[in-house]
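Enquirer: Provided herewith: model-v4.cif, mmCIF, C-alpha atoms.
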data_work
loop_
_atom_site.label_atom_id
_atom_site.label_comp_id
_atom_site.auth_asym_id
_atom_site.auth_seq_id
_atom_site.Cartn_x
_atom_site.Cartn_y
_atom_site.Cartn_z
CA MET Q 1 -6.15 -18.76 11.75
CA GLU Q 2 -6.25 -22.23 10.22
CA PHE Q 3 -7.41 -22.97 6.70
CA THR Q 4 -10.50 -25.06 6.17
CA GLU Q 5 -10.26 -27.86 3.65
CA THR Q 6 -12.37 -25.80 1.25
CA GLN Q 7 -9.96 -22.89 1.55
CA ILE Q 8 -6.92 -25.11 0.93
CA ASN Q 9 -8.64 -26.33 -2.20
CA ARG Q 10 -9.85 -22.91 -3.35
CA TYR Q 11 -6.48 -21.24 -2.88
CA SER Q 12 -4.27 -24.20 -3.79
CA ARG Q 13 -2.72 -22.50 -6.84
CA HIS Q 14 -1.64 -19.60 -4.64
CA ILE Q 15 -0.40 -21.81 -1.85
CA LEU Q 16 1.76 -23.68 -4.37
CA LEU Q 17 3.68 -20.50 -5.15
CA PRO Q 18 6.78 -20.22 -2.96
CA GLU Q 19 6.30 -16.41 -2.83
CA VAL Q 20 2.79 -16.85 -1.47
CA GLY Q 21 2.42 -20.20 0.30
CA GLY Q 22 0.11 -20.71 3.26
CA LYS Q 23 1.61 -17.71 5.04
CA GLY Q 24 0.98 -15.38 2.13
CA GLN Q 25 -2.53 -16.67 1.56
CA LYS Q 26 -3.28 -15.87 5.21
CA LYS Q 27 -2.07 -12.32 4.60
CA ILE Q 28 -4.42 -12.12 1.61
CA ILE Q 29 -7.32 -13.43 3.71
CA GLN Q 30 -6.58 -10.80 6.34
CA GLY Q 31 -6.09 -8.07 3.72
CA LYS Q 32 -8.47 -5.14 3.30
CA VAL Q 33 -8.71 -3.29 0.02
CA LEU Q 34 -10.80 -0.19 -0.67
CA ILE Q 35 -11.96 0.23 -4.26
CA VAL Q 36 -13.12 3.75 -5.10
CA GLY Q 37 -15.47 3.45 -8.07
CA ALA Q 38 -17.26 0.18 -8.88
CA GLY Q 39 -16.92 0.75 -12.61
CA GLY Q 40 -14.48 0.00 -15.40
CA LEU Q 41 -11.31 -0.35 -13.35
CA GLY Q 42 -13.05 -1.31 -10.12
CA SER Q 43 -14.90 -4.25 -11.73
CA PRO Q 44 -11.94 -6.43 -12.74
CA ALA Q 45 -9.97 -5.35 -9.67
CA ALA Q 46 -12.81 -6.38 -7.36
CA LEU Q 47 -13.42 -9.70 -9.11
CA TYR Q 48 -9.77 -10.80 -9.10
CA LEU Q 49 -9.21 -9.64 -5.53
CA ALA Q 50 -12.32 -11.55 -4.50
CA ALA Q 51 -11.09 -14.64 -6.32
CA ALA Q 52 -7.72 -14.26 -4.59
CA GLY Q 53 -9.48 -14.33 -1.24
CA ILE Q 54 -8.97 -10.74 -0.02
CA GLY Q 55 -10.74 -10.69 3.34
CA THR Q 56 -12.47 -7.34 3.08
CA ILE Q 57 -13.30 -5.36 -0.04
CA GLY Q 58 -14.77 -1.89 0.38
CA LEU Q 59 -16.73 -0.54 -2.60
CA ILE Q 60 -17.50 3.17 -2.90
CA ASP Q 61 -19.90 4.30 -5.61
CA SER Q 62 -22.98 6.49 -5.59
CA ASP Q 63 -24.20 5.52 -9.06
CA VAL Q 64 -26.63 2.99 -10.45
CA VAL Q 65 -25.74 0.67 -13.32
CA ASP Q 66 -26.41 2.14 -16.75
CA LEU Q 67 -26.70 0.08 -19.94
CA SER Q 68 -23.70 1.97 -21.42
CA ASN Q 69 -21.56 0.76 -18.48
CA LEU Q 70 -21.81 -2.89 -19.50
CA GLN Q 71 -19.38 -2.50 -22.42
CA ARG Q 72 -16.54 -2.52 -19.85
CA GLN Q 73 -17.82 -2.76 -16.26
CA VAL Q 74 -17.77 -6.55 -16.12
CA ILE Q 75 -18.93 -6.93 -12.53
CA HIS Q 76 -22.38 -5.69 -13.59
CA GLN Q 77 -24.75 -7.59 -15.86
CA THR Q 78 -27.78 -6.75 -17.95
CA PRO Q 79 -30.38 -7.44 -15.21
CA ASP Q 80 -28.45 -5.02 -12.94
CA VAL Q 81 -29.31 -1.95 -15.03
CA GLY Q 82 -30.86 0.61 -12.67
CA ARG Q 83 -29.52 -1.06 -9.50
CA PRO Q 84 -26.90 0.56 -7.23
CA LYS Q 85 -23.42 -0.43 -8.37
CA VAL Q 86 -22.29 -1.27 -4.85
CA VAL Q 87 -25.18 -3.71 -4.42
CA SER Q 88 -24.57 -5.33 -7.80
CA GLY Q 89 -20.84 -5.49 -7.07
CA LYS Q 90 -21.30 -7.06 -3.66
CA GLU Q 91 -23.55 -9.78 -5.09
CA LYS Q 92 -21.03 -10.78 -7.77
CA ILE Q 93 -18.12 -10.75 -5.35
CA GLN Q 94 -19.93 -12.96 -2.88
CA ALA Q 95 -21.17 -15.33 -5.57
CA LEU Q 96 -17.56 -15.76 -6.63
CA ASN Q 97 -16.20 -16.06 -3.11
CA PRO Q 98 -18.54 -16.10 -0.11
CA ASP Q 99 -15.56 -15.72 2.24
CA VAL Q 100 -15.13 -12.08 1.22
CA ASN Q 101 -16.63 -9.44 3.47
CA VAL Q 102 -17.91 -6.63 1.24
CA VAL Q 103 -18.48 -3.20 2.75
CA MET Q 104 -20.71 -0.96 0.64
CA TYR Q 105 -20.44 2.82 0.62
CA GLU Q 106 -23.24 4.12 -1.56
CA GLU Q 107 -21.89 7.64 -1.60
CA ARG Q 108 -19.24 9.83 -3.18
CA LEU Q 109 -15.81 10.05 -1.65
CA THR Q 110 -15.49 13.55 -0.19
CA ALA Q 111 -13.00 15.55 1.86
CA GLY Q 112 -15.39 14.95 4.74
CA ASN Q 113 -15.60 11.15 4.64
CA ALA Q 114 -12.37 10.02 2.90
CA LEU Q 115 -10.00 9.70 5.87
CA LYS Q 116 -12.58 7.95 8.02
CA ILE Q 117 -13.41 5.41 5.28
CA MET Q 118 -9.76 4.80 4.34
CA SER Q 119 -8.64 4.25 7.91
CA GLY Q 120 -9.94 0.68 7.90
CA TYR Q 121 -8.03 -0.47 4.79
CA ASP Q 122 -4.52 -1.59 3.84
CA VAL Q 123 -4.54 -0.49 0.20
CA VAL Q 124 -6.68 1.89 -1.88
CA ILE Q 125 -7.47 1.39 -5.57
CA ASP Q 126 -8.43 4.43 -7.67
CA GLY Q 127 -11.12 3.49 -10.17
CA VAL Q 128 -12.84 6.86 -10.53
CA ASP Q 129 -13.52 8.84 -13.66
CA ASN Q 130 -12.98 12.46 -12.68
CA PHE Q 131 -9.94 14.52 -11.80
CA PRO Q 132 -11.16 16.20 -8.62
CA THR Q 133 -11.77 12.77 -7.08
CA LYS Q 134 -8.46 11.38 -8.40
CA PHE Q 135 -6.67 14.27 -6.66
CA LEU Q 136 -8.80 13.81 -3.54
CA ILE Q 137 -7.88 10.10 -3.39
CA ASN Q 138 -4.19 10.94 -3.81
CA ASP Q 139 -4.32 13.55 -1.06
CA ALA Q 140 -6.40 11.44 1.30
CA CYS Q 141 -4.03 8.47 0.90
CA TYR Q 142 -1.14 10.80 1.71
CA PHE Q 143 -2.77 12.09 4.89
CA ALA Q 144 -4.00 8.61 5.87
CA GLY Q 145 -0.63 7.02 5.02
CA LYS Q 146 -2.26 4.41 2.77
CA PRO Q 147 -0.65 2.91 -0.33
CA LEU Q 148 -2.57 3.85 -3.46
CA VAL Q 149 -2.78 2.09 -6.79
CA HIS Q 150 -3.75 4.74 -9.30
CA GLY Q 151 -5.26 3.91 -12.68
CA GLY Q 152 -6.64 5.83 -15.63
CA ILE Q 153 -7.99 4.92 -19.05
CA LEU Q 154 -9.16 6.77 -22.11
CA ARG Q 155 -9.69 5.88 -25.73
CA PHE Q 156 -6.97 3.27 -26.39
CA ASP Q 157 -4.60 4.38 -23.64
CA GLY Q 158 -4.22 3.35 -20.04
CA ARG Q 159 -1.95 4.28 -17.18
CA VAL Q 160 -1.20 2.71 -13.83
CA THR Q 161 1.16 3.60 -10.98
CA THR Q 162 1.58 2.78 -7.31
CA ILE Q 163 2.08 5.49 -4.72
CA ILE Q 164 3.53 4.87 -1.27
CA PRO Q 165 2.94 8.12 0.62
CA LYS Q 166 6.10 9.94 1.74
CA LYS Q 167 8.24 7.28 0.02
CA SER Q 168 7.48 7.49 -3.69
CA ALA Q 169 6.25 10.10 -6.16
CA CYS Q 170 2.59 11.02 -5.73
CA TYR Q 171 0.06 12.08 -8.36
CA ARG Q 172 0.65 15.74 -7.52
CA CYS Q 173 4.42 15.31 -7.98
CA VAL Q 174 3.57 14.91 -11.67
CA PHE Q 175 0.22 16.68 -12.06
CA LYS Q 176 0.07 19.50 -9.57
CA LYS Q 177 -3.63 20.17 -9.90
CA PRO Q 178 -6.64 19.11 -11.95
CA PRO Q 179 -6.71 20.40 -15.53
CA PRO Q 180 -8.61 23.64 -16.05
CA GLU Q 181 -12.33 23.15 -16.26
CA GLY Q 182 -13.91 23.36 -19.68
CA LEU Q 183 -10.76 22.32 -21.53
CA VAL Q 184 -11.41 18.69 -20.77
CA ALA Q 185 -13.62 16.51 -22.92
CA SER Q 186 -16.00 14.17 -21.17
CA CYS Q 187 -15.52 10.42 -21.03
CA GLN Q 188 -18.72 9.96 -22.99
CA GLU Q 189 -17.36 12.15 -25.78
CA ALA Q 190 -13.91 10.60 -25.84
CA GLY Q 191 -14.87 6.94 -25.61
CA VAL Q 192 -12.79 4.06 -24.36
CA ILE Q 193 -12.09 0.59 -25.65
CA GLY Q 194 -13.73 -1.64 -23.04
CA VAL Q 195 -10.97 -4.22 -22.60
CA LEU Q 196 -8.59 -1.50 -21.47
CA ALA Q 197 -10.47 -1.41 -18.16
CA GLY Q 198 -9.64 -5.10 -17.74
CA ILE Q 199 -5.96 -4.66 -18.55
CA ILE Q 200 -5.39 -1.69 -16.25
CA GLY Q 201 -7.78 -2.87 -13.52
CA THR Q 202 -6.11 -6.27 -13.26
CA ILE Q 203 -2.67 -4.63 -13.02
CA GLN Q 204 -4.08 -2.55 -10.17
CA ALA Q 205 -5.29 -5.75 -8.47
CA THR Q 206 -1.84 -7.31 -8.98
CA GLU Q 207 -0.20 -4.32 -7.33
CA ALA Q 208 -2.63 -4.47 -4.39
CA LEU Q 209 -1.89 -8.17 -3.87
CA LYS Q 210 1.88 -7.58 -4.02
CA LEU Q 211 1.60 -4.81 -1.45
CA ILE Q 212 -0.41 -7.04 0.87
CA LEU Q 213 1.97 -9.95 0.38
CA GLY Q 214 5.04 -7.71 0.62
CA ILE Q 215 6.58 -9.35 -2.43
CA GLY Q 216 8.24 -8.17 -5.62
CA ARG Q 217 8.91 -4.61 -6.67
CA PRO Q 218 5.96 -2.24 -6.56
CA LEU Q 219 5.13 0.01 -9.50
CA THR Q 220 6.38 3.04 -7.58
CA ASP Q 221 8.20 6.01 -9.11
CA ARG Q 222 7.11 4.70 -12.50
CA LEU Q 223 4.12 5.43 -14.68
CA LEU Q 224 3.20 2.40 -16.73
CA ASP Q 225 1.45 3.59 -19.87
CA PHE Q 226 -0.27 1.13 -22.18
CA ASP Q 227 -1.16 1.78 -25.81
CA ALA Q 228 -3.74 -0.77 -26.94
CA ARG Q 229 -3.42 0.14 -30.63
CA ARG Q 230 0.23 -0.89 -30.66
CA THR Q 231 -0.10 -3.35 -27.77
CA GLN Q 232 2.82 -1.58 -26.16
CA PHE Q 233 3.69 -0.81 -22.58
CA ARG Q 234 6.01 2.06 -21.80
CA GLU Q 235 7.48 2.88 -18.43
CA ILE Q 236 8.11 6.51 -17.54
CA ARG Q 237 10.39 7.13 -14.60
CA ILE Q 238 9.11 9.73 -12.18
CA LYS Q 239 10.45 10.84 -8.83
CA ARG Q 240 9.33 12.76 -5.78
CA ASN Q 241 9.11 16.42 -6.66
CA PRO Q 242 10.57 18.81 -4.06
CA ASP Q 243 8.07 21.38 -5.37
CA CYS Q 244 5.08 19.03 -4.96
CA PRO Q 245 2.27 21.01 -3.32
CA LEU Q 246 1.35 17.96 -1.23
CA CYS Q 247 4.45 15.93 -0.39
CA GLY Q 248 7.20 18.39 -1.35
CA GLU Q 249 9.50 20.45 0.85
CA ARG Q 250 7.14 23.41 1.19
CA PRO Q 251 3.64 21.91 0.95
CA THR Q 252 0.76 24.26 0.28
CA ILE Q 253 -1.85 21.56 0.83
CA THR Q 254 -1.81 20.83 4.53
CA GLU Q 255 -5.27 19.40 4.96
CA LEU Q 256 -7.75 17.52 2.84
CA ILE Q 257 -9.48 19.77 0.31
CA GLU Q 258 -11.69 19.24 -2.70
CA ASP Q 259 -9.67 20.56 -5.60
CA GLY Q 260 -11.99 21.45 -8.44
CA ASP Q 261 -15.63 20.82 -9.04
CA VAL Q 262 -16.74 17.20 -9.13
CA GLY Q 263 -19.06 17.91 -11.99
CA GLY Q 264 -19.26 15.47 -14.85
CA PRO Q 265 -16.86 12.65 -15.56
CA THR Q 266 -13.77 13.71 -17.43
CA CYS Q 267 -11.06 11.68 -18.96
CA ALA Q 268 -9.61 13.04 -22.15
CA LEU Q 269 -7.93 16.09 -23.46
CA PRO Q 270 -7.96 17.71 -26.85
CA GLY Q 271 -4.55 17.76 -28.45
CA GLN Q 272 -3.59 14.42 -26.98
CA ARG Q 273 -3.41 12.80 -30.37
CA ASN Q 274 -0.75 15.20 -31.60
CA LEU Q 275 1.98 12.84 -30.51
CA MET C 1 19.04 18.38 -33.31
CA GLN C 2 17.61 15.15 -32.07
CA VAL C 3 15.62 14.66 -28.88
CA THR C 4 13.56 11.74 -27.64
CA ILE C 5 9.90 12.60 -27.16
CA ASN C 6 7.78 10.03 -25.33
CA GLY C 7 10.24 7.33 -26.25
CA LYS C 8 10.57 8.23 -29.94
CA ALA C 9 13.55 10.00 -31.48
CA GLU C 10 12.55 13.20 -33.25
CA GLU C 11 14.42 15.85 -35.17
CA ILE C 12 13.46 19.29 -33.87
CA ALA C 13 14.55 22.84 -34.64
CA GLY C 14 15.70 23.52 -31.07
CA GLY C 15 14.48 26.27 -28.79
CA THR C 16 12.67 26.00 -25.48
CA VAL C 17 10.24 23.40 -24.20
CA LEU C 18 7.46 25.95 -24.72
CA ASP C 19 8.50 26.33 -28.39
CA LEU C 20 8.22 22.56 -28.78
CA LEU C 21 4.76 22.52 -27.18
CA LYS C 22 3.66 25.32 -29.53
CA ALA C 23 5.05 23.49 -32.56
CA LYS C 24 2.96 20.47 -31.57
CA SER C 25 -0.12 22.58 -30.74
CA ILE C 26 -0.17 21.30 -27.18
CA GLU C 27 -1.79 23.58 -24.62
CA PRO C 28 0.78 23.86 -21.77
CA GLN C 29 -1.93 23.60 -19.12
CA MET C 30 -2.88 20.18 -20.44
CA VAL C 31 0.43 18.47 -19.96
CA ALA C 32 3.08 17.76 -17.36
CA VAL C 33 6.57 17.88 -18.86
CA GLU C 34 9.56 15.89 -17.73
CA VAL C 35 13.01 16.55 -19.19
CA ASN C 36 15.67 13.96 -18.44
CA ASP C 37 13.56 12.45 -15.64
CA THR C 38 12.94 15.75 -13.85
CA MET C 39 9.53 17.42 -13.76
CA LEU C 40 9.52 20.96 -15.11
CA GLU C 41 7.63 23.71 -13.38
CA ARG C 42 5.17 25.35 -15.79
CA THR C 43 6.98 28.64 -15.27
CA HIS C 44 10.19 27.02 -16.52
CA LEU C 45 8.73 25.81 -19.82
CA GLU C 46 9.80 28.98 -21.61
CA THR C 47 13.18 29.26 -19.92
CA THR C 48 14.30 25.66 -20.45
CA GLN C 49 16.35 25.31 -23.62
CA LEU C 50 16.33 21.87 -25.18
CA LYS C 51 19.67 20.25 -25.90
CA ASP C 52 20.65 17.54 -28.34
CA GLY C 53 19.95 14.13 -26.79
CA ASP C 54 17.40 15.35 -24.23
CA HIS C 55 14.67 12.96 -23.17
CA VAL C 56 11.34 14.73 -23.09
CA GLU C 57 8.13 13.22 -21.71
CA PHE C 58 4.79 14.86 -22.31
CA LEU C 59 2.47 13.39 -19.71
CA PHE C 60 -1.17 14.02 -20.44
CA TYR C 61 -3.90 13.79 -17.87
CA MET C 62 -5.62 10.44 -18.02
CA GLY C 63 -8.67 10.61 -15.85
CA GLY C 64 -11.04 7.88 -16.94
CA GLY C 65 -11.72 4.79 -14.93
CA ARG C 66 -15.42 4.18 -15.02
#
Output the file's structure in the form of structure tokens.

Expert:
Amino acid sequence: MEFTETQINRYSRHILLPEVGGKGQKKIIQGKVLIVGAGGLGSPAALYLAAAGIGTIGLIDSDVVDLSNLQRQVIHQTPDVGRPKVVSGKEKIQALNPDVNVVMYEERLTAGNALKIMSGYDVVIDGVDNFPTKFLINDACYFAGKPLVHGGILRFDGRVTTIIPKKSACYRCVFKKPPPEGLVASCQEAGVIGVLAGIIGTIQATEALKLILGIGRPLTDRLLDFDARRTQFREIRIKRNPDCPLCGERPTITELIEDGDVGGPTCALPGQRNL
Amino acid sequence: MQVTINGKAEEIAGGTVLDLLKAKSIEPQMVAVEVNDTMLERTHLETTQLKDGDHVEFLFYMGGGR
């Protein structure tokens, strides 16, 4: 492919970077990123990836925009309340950068559709708000062999990590299974400081771009935890767990399953503030 | 003795990882525990004795995103 003059202008600040250049920008333009959840984390990730010129962005979300989403889900605006999030997201992405092809999946990710949807993408971004789906994304990326950028936020805390299946620690290497039902407070109860979605979501977008460009050192085998009250990042080293039920030596999960009930959104745990 | 818990040095009485969780009122099912960069099986929480200088990480589930 050759750049148009408009593209050279639009992406000039990328092309100037020796690590990106024209060659890297072409990789970005050919890149395909799947964003699961067009909400808090998905919004900034989608907007920055669109601005960067990612060729195809897939958006999965079955919800409509709610007024209470607008405190953090910056891709949606007040007139979007009541509209499907994927439709609202696609409009904003294409207003920002008409070059981006947006594929809308107005549905939930399930064990039945995950591998088929993921097969067309280079990188998957986790922007969902419930544990069963977070585990499903982790497992599906493992079986599909797709790099995953995992993110989570609650209250004033955020976490992000990159998972390269079969090469680096996966979510189940750390958390074997979803927390027991009923012991987990809902997102609505726990609350979240809105800007946290921007901080974690843009780190997820950065990781996706690095993976597509093949530059730098990915956030693998590390959990990056952010505490907004102290404005402090902390890196926790993790490693592949031989006892991991998914990617360990004696896996017990050998096909895609739905682990736990995808009931309400969950994000916080009682007792967390004891530390 | 002194151990590092989530990056902060703390003086503790000693005992097992489970004792430490109990002292902090943390439900073991709610947390993944790493000692010196190795994940602990839940079944090993009560058999793993903490030693002076250990690095302990309590990793809580963080599931939000929307």

Enquirer: Residues of chain C were defined as contacting chain Q if any atom lay at most 8 Å from it, counting all atoms listed in the file; please report them as a PyMOL selection string.

Expert: chain C and resi 24-27+29-30+32+37-39+57+60-66

Enquirer: Take the residues from that selection and write them out as an mmCIF file, in the frame of the given file, keeping C-alpha atoms.

Expert:
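The resulting selection.cif:
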data_model
loop_
_atom_site.group_PDB
_atom_site.id
_atom_site.type_symbol
_atom_site.label_atom_id
_atom_site.label_comp_id
_atom_site.auth_asym_id
_atom_site.auth_seq_id
_atom_site.Cartn_x
_atom_site.Cartn_y
_atom_site.Cartn_z
ATOM 1 C CA LYS C 24 2.960 20.470 -31.570
ATOM 2 C CA SER C 25 -0.120 22.580 -30.740
ATOM 3 C CA ILE C 26 -0.170 21.300 -27.180
ATOM 4 C CA GLU C 27 -1.790 23.580 -24.620
ATOM 5 C CA GLN C 29 -1.930 23.600 -19.120
ATOM 6 C CA MET C 30 -2.880 20.180 -20.440
ATOM 7 C CA ALA C 32 3.080 17.760 -17.360
ATOM 8 C CA ASP C 37 13.560 12.450 -15.640
ATOM 9 C CA THR C 38 12.940 15.750 -13.850
ATOM 10 C CA MET C 39 9.530 17.420 -13.760
ATOM 11 C CA GLU C 57 8.130 13.220 -21.710
ATOM 12 C CA PHE C 60 -1.170 14.020 -20.440
ATOM 13 C CA TYR C 61 -3.900 13.790 -17.870
ATOM 14 C CA MET C 62 -5.620 10.440 -18.020
ATOM 15 C CA GLY C 63 -8.670 10.610 -15.850
ATOM 16 C CA GLY C 64 -11.040 7.880 -16.940
ATOM 17 C CA GLY C 65 -11.720 4.790 -14.930
ATOM 18 C CA ARG C 66 -15.420 4.180 -15.020
#

Enquirer: When you count all atoms listed in the file, which of these residues is closest to Tyr105 (chain Q): Q:Asp80, Q:Asp139, Q:Glu255, Q:Asp63?

Expert: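 Selected residue with least distance to Tyr105 (chain Q): Q:Asp63.
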
Enquirer: Which is closest to Met1 (chain C) among C:Lys22, C:Leu40, C:Gly53, C:Val31, if we use only C-alpha atoms?

Expert: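 Distance minimum relative to Met1 (chain C) lands on C:Gly53.
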
Enquirer: Using only C-alpha atoms, pick whichever of Q:Phe135, Q:Tyr48, Q:Phe143, Q:Tyr121 has the shortest atom-to-atom distance to Ile199 (chain Q).

Expert: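 When distances to Ile199 (chain Q) are compared using only C-alpha atoms, the smallest one comes from Q:Tyr48.
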
Enquirer: Within 8 Å of (18.0, 26.3, -30.9) (file coordinates; all atoms listed in the file), which protein or nucleic acid residues are there? I'd like them as an mmCIF file with C-alpha atoms, in the coordinates of the input.

Expert:
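part_26.cif, written as the output of this step:
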data_model
loop_
_atom_site.group_PDB
_atom_site.id
_atom_site.type_symbol
_atom_site.label_atom_id
_atom_site.label_comp_id
_atom_site.auth_asym_id
_atom_site.auth_seq_id
_atom_site.Cartn_x
_atom_site.Cartn_y
_atom_site.Cartn_z
ATOM 1 C CA ALA C 13 14.550 22.840 -34.640
ATOM 2 C CA GLY C 14 15.700 23.520 -31.070
ATOM 3 C CA GLY C 15 14.480 26.270 -28.790
ATOM 4 C CA THR C 16 12.670 26.000 -25.480
ATOM 5 C CA GLN C 49 16.350 25.310 -23.620
ATOM 6 C CA LEU C 50 16.330 21.870 -25.180
#

Enquirer: Output the residue selection produced by the PyMOL selection byres ((chain C and resi 10) around 12) on the file above, formatted as a list in words.

Expert: Leu275 of chain Q; Met1, Gln2, Val3, Thr4, Ile5, Asn6, Gly7, Lys8, Ala9, Glu11, Ile12, Ala13, Gly14, Leu20, Asp52, Gly53, Asp54, His55 and Val56 of chain C

Enquirer: Pull out every residue that the PyMOL selection byres ((chain Q and resi 50) around 9) matches in the shown coordinates and put them as a count of residues only.

Expert: 19

Enquirer: Report, in Å to a single decimal, how far apart CA of Val17 (chain C) and CA of Val33 (chain C) are.

Expert: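 The value is 8.5 Å.
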
Enquirer: When distances are computed from only C-alpha atoms, which of Q:Cys247, Q:Met104, Q:Ala228, Q:Leu219 shows the smallest separation from Cys141 (chain Q)?

Expert: Q:Cys247

Enquirer: Between CA of Asp122 (chain Q) and CA of Pro251 (chain Q), what is the distance in Å, rounded to a tenth?

Expert: 25.0 Å

Enquirer: Could you spell out the hits of the PyMOL selection byres ((chain Q and resi 164) around 10) on the shown file, as a count of residues only?

Expert: 21

Enquirer: Please compute the CA of Gly216 (chain Q)-CA of Ser119 (chain Q) distance, one decimal, in Å.

Expert: 24.9 Å

Enquirer: Which of these residues is nearest to Leu109 (chain Q), using only C-alpha atoms: Q:Ile75, Q:Asp259, Q:Leu209, Q:Ile137?

Expert: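 Of all the options, Q:Ile137 lies closest to Leu109 (chain Q).
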